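Q: So here's protein.tsv (TSV, C-alpha atoms and all ligand atoms).
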chain	number	residue	atom	x	y	z
I	1	MET	CA	-46.67	-12.76	-1.53
I	2	THR	CA	-49.82	-13.61	-3.40
I	3	ASN	CA	-51.46	-11.27	-5.83
I	4	THR	CA	-55.04	-11.66	-4.71
I	5	SER	CA	-56.71	-8.61	-6.19
I	6	SER	CA	-57.34	-10.21	-9.56
I	7	GLN	CA	-59.07	-13.18	-7.90
I	8	ALA	CA	-61.39	-10.84	-6.02
I	9	GLY	CA	-62.75	-9.66	-9.36
I	10	GLU	CA	-65.59	-7.20	-9.37
I	11	ARG	CA	-67.68	-8.77	-6.65
I	12	PRO	CA	-68.62	-6.35	-3.87
I	13	ARG	CA	-66.22	-6.24	-0.94
I	14	LYS	CA	-66.94	-6.34	2.73
I	15	GLU	CA	-66.03	-2.69	3.40
I	16	VAL	CA	-64.31	-1.62	6.61
I	17	ALA	CA	-66.51	0.58	8.81
I	18	GLY	CA	-63.80	1.30	11.36
I	19	ILE	CA	-60.76	-0.06	13.17
I	20	TYR	CA	-60.81	0.16	16.96
I	21	THR	CA	-58.08	-0.46	19.50
I	22	ALA	CA	-59.33	-2.33	22.55
I	23	PRO	CA	-59.00	-0.54	25.90
I	24	PRO	CA	-56.34	-1.76	28.38
I	25	ALA	CA	-56.87	-5.10	30.06
I	26	HIS	CA	-58.93	-5.49	33.23
I	27	TRP	CA	-59.29	-8.49	35.53
I	28	VAL	CA	-62.31	-10.79	35.51
I	29	GLY	CA	-62.05	-12.41	38.92
I	30	ASN	CA	-58.33	-12.96	39.55
I	31	GLY	CA	-57.74	-15.34	36.64
I	32	PHE	CA	-58.68	-13.63	33.40
I	33	HIS	CA	-56.80	-10.49	32.35
I	34	VAL	CA	-58.87	-9.44	29.37
I	35	ARG	CA	-59.25	-6.66	26.88
I	36	SER	CA	-62.89	-6.13	25.95
I	37	MET	CA	-62.68	-5.79	22.20
I	38	PHE	CA	-66.40	-5.05	22.01
I	39	THR	CA	-69.37	-5.23	24.35
I	40	TYR	CA	-73.14	-4.93	24.16
I	41	ALA	CA	-72.73	-1.37	25.48
I	42	ASP	CA	-71.16	-0.24	22.18
I	43	ALA	CA	-73.39	1.83	19.95
I	44	PHE	CA	-72.15	0.01	16.83
I	45	GLN	CA	-74.77	-2.49	15.62
I	46	GLY	CA	-72.58	-4.24	13.07
I	47	SER	CA	-71.36	-6.99	15.43
I	48	ASP	CA	-74.88	-8.44	15.81
I	49	PRO	CA	-75.39	-11.42	16.56
I	50	PHE	CA	-72.18	-11.27	18.63
I	51	VAL	CA	-72.47	-9.11	21.76
I	52	LEU	CA	-69.11	-9.25	23.55
I	53	LEU	CA	-65.54	-10.38	22.97
I	54	ASP	CA	-62.97	-10.55	25.77
I	55	TYR	CA	-59.41	-11.46	24.84
I	56	ALA	CA	-56.84	-12.55	27.42
I	57	ALA	CA	-53.60	-12.15	25.48
I	58	GLU	CA	-50.70	-14.46	26.30
I	59	GLU	CA	-49.61	-13.88	29.86
I	60	GLN	CA	-47.32	-15.86	32.14
I	61	PHE	CA	-48.89	-17.10	35.40
I	62	SER	CA	-46.77	-18.27	38.30
I	63	PRO	CA	-47.70	-21.54	40.06
I	64	ASN	CA	-50.45	-21.08	42.63
I	65	GLN	CA	-50.83	-24.47	44.28
I	66	GLY	CA	-54.17	-25.29	45.79
I	67	ALA	CA	-55.80	-21.95	44.92
I	68	PRO	CA	-56.71	-21.82	41.23
I	69	ARG	CA	-57.32	-18.31	39.96
I	70	GLY	CA	-60.59	-17.49	38.26
I	71	VAL	CA	-64.11	-16.29	38.83
I	72	GLY	CA	-66.56	-17.95	41.23
I	73	SER	CA	-70.25	-18.73	40.95
I	74	HIS	CA	-72.19	-16.22	38.82
I	75	PRO	CA	-75.26	-16.31	36.56
I	76	HIS	CA	-75.97	-15.75	32.87
I	77	LYS	CA	-79.21	-15.54	30.92
I	78	GLY	CA	-80.33	-14.91	27.35
I	79	PHE	CA	-77.23	-15.74	25.30
I	80	GLU	CA	-74.31	-18.16	24.86
I	81	THR	CA	-70.73	-17.95	26.14
I	82	VAL	CA	-68.03	-19.40	23.91
I	83	THR	CA	-64.65	-20.01	25.54
I	84	ILE	CA	-61.73	-20.62	23.18
I	85	ALA	CA	-58.59	-21.80	24.98
I	86	TYR	CA	-55.35	-21.04	23.12
I	87	GLN	CA	-52.89	-21.74	25.94
I	88	GLY	CA	-53.48	-22.96	29.48
I	89	GLU	CA	-56.59	-24.67	30.80
I	90	VAL	CA	-59.95	-23.54	32.15
I	91	ALA	CA	-62.02	-25.64	34.54
I	92	HIS	CA	-65.76	-25.09	34.37
I	93	ARG	CA	-68.81	-26.23	36.36
I	94	ASP	CA	-72.41	-25.18	35.86
I	95	SER	CA	-75.89	-25.66	37.31
I	96	SER	CA	-77.08	-27.65	34.27
I	97	GLY	CA	-74.62	-30.39	35.25
I	98	GLY	CA	-72.14	-29.36	32.56
I	99	GLY	CA	-68.48	-29.22	33.42
I	100	GLY	CA	-64.99	-30.17	32.45
I	101	ILE	CA	-61.55	-28.93	31.58
I	102	ILE	CA	-61.16	-26.78	28.49
I	103	GLN	CA	-57.65	-27.56	27.28
I	104	ALA	CA	-55.54	-25.63	24.80
I	105	GLY	CA	-57.24	-25.95	21.40
I	106	ASP	CA	-60.64	-26.84	22.90
I	107	VAL	CA	-63.80	-24.76	22.76
I	108	GLN	CA	-66.66	-24.68	25.22
I	109	TRP	CA	-69.97	-23.47	23.84
I	110	MET	CA	-72.34	-22.88	26.76
I	111	THR	CA	-75.96	-21.92	26.24
I	112	ALA	CA	-77.14	-19.86	29.20
I	113	GLY	CA	-80.64	-19.67	27.72
I	114	ARG	CA	-83.32	-19.32	30.42
I	115	GLY	CA	-80.65	-19.14	33.12
I	116	ILE	CA	-77.52	-20.81	34.41
I	117	VAL	CA	-75.03	-20.45	37.24
I	118	HIS	CA	-71.40	-21.34	36.60
I	119	GLU	CA	-67.82	-20.87	37.72
I	120	GLU	CA	-64.67	-20.51	35.62
I	121	PHE	CA	-61.21	-21.17	37.05
I	122	HIS	CA	-57.78	-22.10	35.82
I	123	SER	CA	-57.56	-25.90	36.00
I	124	ARG	CA	-55.93	-27.34	39.10
I	125	GLU	CA	-53.14	-28.81	37.00
I	126	PHE	CA	-52.42	-25.48	35.24
I	127	SER	CA	-52.60	-23.74	38.60
I	128	ASN	CA	-50.01	-26.11	40.03
I	129	THR	CA	-47.53	-25.68	37.19
I	130	GLY	CA	-48.25	-22.13	36.03
I	131	GLY	CA	-47.26	-21.16	32.50
I	132	PRO	CA	-48.55	-19.15	29.55
I	133	PHE	CA	-52.29	-18.53	29.43
I	134	GLU	CA	-54.26	-17.18	26.47
I	135	MET	CA	-57.98	-17.36	25.78
I	136	VAL	CA	-61.02	-15.72	24.22
I	137	GLN	CA	-64.51	-15.49	25.58
I	138	LEU	CA	-67.13	-14.60	23.01
I	139	TRP	CA	-70.77	-13.92	23.82
I	140	VAL	CA	-73.26	-14.94	21.13
I	141	ASN	CA	-76.73	-13.48	21.40
I	142	LEU	CA	-79.82	-15.66	21.22
I	143	PRO	CA	-82.84	-14.52	19.23
I	144	ALA	CA	-85.88	-13.57	21.35
I	145	ARG	CA	-87.61	-16.82	20.42
I	146	ASP	CA	-84.75	-18.88	21.91
I	147	LYS	CA	-83.77	-16.80	24.95
I	148	LEU	CA	-85.67	-19.13	27.27
I	149	THR	CA	-84.22	-22.34	25.83
I	150	PRO	CA	-82.94	-24.75	28.50
I	151	ALA	CA	-79.33	-24.21	29.54
I	152	ALA	CA	-76.92	-26.50	27.71
I	153	TYR	CA	-73.26	-27.19	27.24
I	154	GLN	CA	-71.23	-28.25	24.18
I	155	SER	CA	-67.75	-29.46	24.98
I	156	ILE	CA	-65.84	-29.29	21.70
I	157	SER	CA	-62.41	-30.88	21.76
I	158	LYS	CA	-59.50	-29.76	19.62
I	159	GLU	CA	-59.79	-33.01	17.63
I	160	GLN	CA	-63.41	-32.23	16.68
I	161	ILE	CA	-62.52	-28.87	15.13
I	162	PRO	CA	-61.50	-29.13	11.47
I	163	ASP	CA	-58.05	-27.58	11.06
I	164	LEU	CA	-58.06	-26.72	7.35
I	165	ALA	CA	-55.24	-25.52	5.14
I	166	LEU	CA	-56.03	-22.28	3.34
I	167	PRO	CA	-55.78	-22.40	-0.47
I	168	ASP	CA	-52.15	-22.31	-1.65
I	169	GLU	CA	-51.19	-23.34	1.91
I	170	VAL	CA	-50.82	-19.76	3.10
I	171	GLY	CA	-52.08	-20.60	6.57
I	172	SER	CA	-54.80	-22.46	8.42
I	173	LEU	CA	-58.41	-22.09	9.45
I	174	ARG	CA	-59.89	-23.82	12.48
I	175	LEU	CA	-63.58	-24.11	11.72
I	176	ILE	CA	-65.28	-23.74	15.13
I	177	ALA	CA	-68.73	-22.84	13.82
I	178	GLY	CA	-70.34	-22.33	10.45
I	179	SER	CA	-68.96	-23.44	7.12
I	180	TYR	CA	-65.92	-22.95	4.93
I	181	LEU	CA	-65.52	-24.31	1.38
I	182	GLY	CA	-68.18	-26.96	1.96
I	183	LYS	CA	-66.90	-28.09	5.38
I	184	GLN	CA	-68.97	-27.67	8.55
I	185	GLY	CA	-67.81	-26.67	12.02
I	186	PRO	CA	-68.87	-28.75	15.05
I	187	ALA	CA	-70.67	-26.08	17.12
I	188	LYS	CA	-74.46	-26.19	17.03
I	189	THR	CA	-75.79	-22.64	16.78
I	190	PHE	CA	-79.29	-21.17	16.98
I	191	THR	CA	-78.74	-18.79	14.07
I	192	GLU	CA	-76.45	-18.77	11.05
I	193	MET	CA	-72.87	-17.71	11.83
I	194	ASN	CA	-69.19	-18.39	11.24
I	195	VAL	CA	-66.53	-18.50	13.96
I	196	TRP	CA	-63.16	-19.05	12.26
I	197	ASP	CA	-59.80	-19.12	14.00
I	198	VAL	CA	-57.50	-18.04	11.16
I	199	VAL	CA	-53.70	-18.10	11.06
I	200	LEU	CA	-51.98	-16.43	8.09
I	201	ASP	CA	-48.33	-17.10	7.43
I	202	ALA	CA	-45.83	-14.25	7.22
I	203	GLY	CA	-46.63	-12.03	4.24
I	204	ALA	CA	-49.32	-14.38	2.99
I	205	GLY	CA	-52.60	-13.25	1.49
I	206	THR	CA	-55.96	-14.88	1.04
I	207	ILE	CA	-59.50	-14.09	-0.02
I	208	PHE	CA	-62.58	-15.12	1.89
I	209	GLU	CA	-66.04	-15.25	0.45
I	210	LEU	CA	-68.81	-14.58	2.93
I	211	PRO	CA	-72.56	-14.22	2.53
I	212	ALA	CA	-73.75	-10.68	1.88
I	213	THR	CA	-76.36	-11.33	4.59
I	214	HIS	CA	-73.63	-11.71	7.25
I	215	ASN	CA	-72.32	-8.95	9.48
I	216	LEU	CA	-68.54	-9.22	9.84
I	217	SER	CA	-66.00	-8.40	12.56
I	218	LEU	CA	-62.33	-9.36	12.82
I	219	ALA	CA	-60.47	-9.53	16.11
I	220	ILE	CA	-56.75	-9.30	15.43
I	221	LEU	CA	-55.12	-11.43	18.15
I	222	ARG	CA	-51.52	-11.53	16.91
I	223	GLY	CA	-49.47	-9.84	14.25
I	224	GLU	CA	-50.65	-7.35	11.69
I	225	VAL	CA	-53.02	-7.67	8.77
I	226	ARG	CA	-53.78	-5.59	5.71
I	227	ILE	CA	-57.45	-5.53	4.75
I	228	ASN	CA	-58.72	-5.09	1.19
I	229	ALA	CA	-55.26	-3.81	0.25
I	230	ASN	CA	-55.98	-0.41	1.74
I	231	GLN	CA	-56.13	-0.55	5.56
I	232	SER	CA	-54.02	-2.14	8.29
I	233	ALA	CA	-54.84	-3.46	11.74
I	234	GLN	CA	-52.54	-4.65	14.52
I	235	ALA	CA	-52.87	-7.13	17.36
I	236	GLY	CA	-55.47	-5.83	19.81
I	237	ALA	CA	-57.58	-4.22	17.08
I	238	LEU	CA	-61.17	-4.93	16.25
I	239	VAL	CA	-62.05	-4.39	12.60
I	240	ARG	CA	-65.69	-3.57	12.03
I	241	PHE	CA	-67.37	-3.87	8.65
I	242	GLN	CA	-70.33	-2.30	6.96
I	243	PRO	CA	-73.29	-4.53	6.10
I	244	GLY	CA	-73.33	-6.26	2.72
I	245	GLY	CA	-70.47	-7.25	0.44
I	246	GLU	CA	-69.18	-10.75	-0.22
I	247	VAL	CA	-65.41	-10.66	-0.56
I	248	LEU	CA	-62.72	-10.00	2.03
I	249	GLU	CA	-59.05	-9.75	1.16
I	250	LEU	CA	-56.47	-10.21	3.91
I	251	GLN	CA	-52.71	-10.10	3.87
I	252	ALA	CA	-50.54	-10.77	6.89
I	253	GLY	CA	-47.56	-8.63	7.87
I	254	GLU	CA	-44.03	-9.95	8.14
I	255	ASN	CA	-44.73	-11.81	11.40
I	256	GLY	CA	-47.93	-13.45	10.22
I	257	ALA	CA	-51.30	-12.90	11.86
I	258	THR	CA	-53.86	-14.68	14.02
I	259	ILE	CA	-57.39	-13.48	13.42
I	260	LEU	CA	-60.71	-14.48	14.92
I	261	LEU	CA	-63.25	-13.98	12.15
I	262	LEU	CA	-66.85	-13.56	13.29
I	263	SER	CA	-69.65	-13.32	10.77
I	264	GLY	CA	-73.35	-13.94	11.08
I	265	VAL	CA	-76.85	-13.01	10.12
I	266	PRO	CA	-77.90	-10.15	12.44
I	267	LEU	CA	-80.83	-10.76	14.76
I	268	ASP	CA	-82.03	-7.15	14.29
I	269	GLU	CA	-83.73	-7.16	17.70
I	270	PRO	CA	-83.33	-4.83	20.68
I	271	VAL	CA	-80.22	-5.72	22.72
I	272	VAL	CA	-80.45	-4.82	26.40
I	273	GLY	CA	-77.41	-6.04	28.29
I	274	TYR	CA	-76.77	-5.57	31.99
I	275	GLY	CA	-73.92	-7.33	33.78
I	276	PRO	CA	-74.23	-11.07	33.06
I	277	PHE	CA	-77.59	-10.86	31.27
I	278	VAL	CA	-78.48	-10.03	27.65
I	279	MET	CA	-82.19	-9.67	27.01
I	280	ASN	CA	-84.53	-7.62	24.80
I	281	SER	CA	-85.87	-5.18	27.44
I	282	MET	CA	-85.08	-3.73	30.88
I	283	ASP	CA	-88.13	-5.52	32.26
I	284	GLU	CA	-86.58	-8.83	31.23
I	285	ILE	CA	-83.27	-7.79	32.85
I	286	ARG	CA	-85.07	-7.02	36.13
I	287	GLN	CA	-86.81	-10.38	35.87
I	288	ALA	CA	-83.44	-12.13	35.38
I	289	PHE	CA	-82.02	-10.53	38.56
I	290	ASP	CA	-85.16	-11.51	40.44
I	291	GLU	CA	-85.02	-15.13	39.21
I	292	TYR	CA	-81.33	-15.41	40.08
I	293	GLU	CA	-81.88	-14.03	43.58
I	294	ARG	CA	-84.72	-16.53	44.11
I	295	GLY	CA	-82.43	-19.41	43.10
I	296	LYS	CA	-84.31	-20.25	39.89
I	297	PHE	CA	-81.10	-20.75	37.86
I	298	GLY	CA	-80.09	-23.66	40.10
I	299	ASN	CA	-76.90	-24.21	42.03
I	300	LEU	CA	-73.46	-25.68	41.56
I	301	SER	CA	-73.45	-29.12	43.09
J	1	MN	MN	-69.38	-16.52	33.06
Now that the file is in, can you turn its structure into structure tokens?

A:
Amino acid sequence: MTNTSSQAGERPRKEVAGIYTAPPAHWVGNGFHVRSMFTYADAFQGSDPFVLLDYAAEEQFSPNQGAPRGVGSHPHKGFETVTIAYQGEVAHRDSSGGGGIIQAGDVQWMTAGRGIVHEEFHSREFSNTGGPFEMVQLWVNLPARDKLTPAAYQSISKEQIPDLALPDEVGSLRLIAGSYLGKQGPAKTFTEMNVWDVVLDAGAGTIFELPATHNLSLAILRGEVRINANQSAQAGALVRFQPGGEVLELQAGENGATILLLSGVPLDEPVVGYGPFVMNSMDEIRQAFDEYERGKFGNLS
């Protein structure tokens, strides 16, 4: 146990706004059994600039030779999809020419921008062997000025992601995007944000300092965590925070905790999401459907 409260001092905390339990899992295609921990349909604005988080908790898949499970060709426009593979492998192809296998520990950061068509399946090799599968898909909104940026694809391998020890070696932090104690994550982002994959050892505590300008959300993927010494959240919970504050105190329960920490400067723009599109108005959504139907987002080759 670490006594962290004295280190937090009198600086303002990131205060919890609410703790929400994700609804039961649903299937995306036949490959991704996800709980939507938040979506753009939620009234809560405090996740901005993040607009959706789907978590496929660890699940055992039987071998399925020759017929990988997943979701076939579909479009996106106006935001970025970030796929974090924890276990298993995802094979991806898109109309910008991007593609590849996202292996355990890898991250794919895909910019849908002005429009893309892609498919997401279990890799052929994973499909042949079966095994445990666990992943996150996070949707990051683009500001209005960048919604029509060309589609793009960042393939970020496990080796490119700094895997940092937390102070006093109480756990680890994989720095996917943003910065932590002077280190920079590999993902290129359009606006300022942090995406940290945090593991806290059993009973261990730590303090994070975050900009007061950042909104903050925590997705608790495994274990249990105590927040600011006064509230607890379990695996499957989304912890939402009020704006402002700079200090966050976390302490893992007796089995440790895995936490996806999302913080970022809010865009403060209208968010109109519909199916696979996230734009600023319904007119732009209608335009996206029209463009997709006319083949303007390209095709999978
Ligand atoms: Mn997709």

Q: Within 10 Å of ligand MN 1 (chain J) (counting all atoms listed in the file), which residues show up? I'd like them as a PyMOL selection string.

A: chain I and resi 28+71-76+80-83+92+94+110+112+116-120+137+139+276

Q: Would you place a box with edges along x, y and z of the file around all atoms of range 196-203 of chain I listed there, add 3 Å to each of its six sides, and report the centre and edge lengths in Å to one decimal, as AutoDock Vina command-line options?

A:
--center_x -54.5 --center_y -15.6 --center_z 9.1 --size_x 23.3 --size_y 13.1 --size_z 15.8

Q: Residues near Ile176 in chain I, anyone? I mean within 8 Å using all atoms listed in the file, not counting same-chain ones fewer than 3 positions away, as JSON, numbers by chain.

A: {"I": [107, 161, 162, 185, 186, 187, 194, 195, 196, 197]}

Q: With only C-alpha atoms as the atoms that count, which of I:Gly273, I:Ser95, I:Pro49, I:Tyr55 lies nearest to Ala219 in chain I?

A: I:Tyr55

Q: Could you jot down the CA of Arg294 in chain I to CA of Gly115 in chain I separation for me, Å, one decimal place?

A: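 Separating CA of Arg294 in chain I from CA of Gly115 in chain I is a distance of 12.0 Å.
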
Q: Show which residues sit within 8 Å of Phe38 in chain I, as a list in words. Count all atoms listed in the file, and ignore same-chain residues fewer than 6 positions away.

A: Ala22, Val51, Leu52, Leu53, Asp54 and Leu238 of chain I

Q: Just write the chosen residues, C-alpha atoms, as a short mmCIF file (atom, residue, chain, number, x, y, z; two decimals), in the coordinates of the input.

A:
data_model
loop_
_atom_site.label_atom_id
_atom_site.label_comp_id
_atom_site.auth_asym_id
_atom_site.auth_seq_id
_atom_site.Cartn_x
_atom_site.Cartn_y
_atom_site.Cartn_z
CA ALA I 22 -59.33 -2.33 22.55
CA VAL I 51 -72.47 -9.11 21.76
CA LEU I 52 -69.11 -9.25 23.55
CA LEU I 53 -65.54 -10.38 22.97
CA ASP I 54 -62.97 -10.55 25.77
CA LEU I 238 -61.17 -4.93 16.25
#

Q: Residues within 8 Å of range 40-48 of chain I, please, as a VMD selection string. Count all atoms listed in the file; anything in the same chain fewer than 6 positions from it doesn't count.

A: chain I and resid 141 215 to 217 240 to 243 264 to 268 271 to 273

Q: Take CA of Gly78 in chain I and CA of Gly298 in chain I and report the distance between them in Å, one decimal.

A: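 Separating CA of Gly78 in chain I from CA of Gly298 in chain I is a distance of 15.5 Å.
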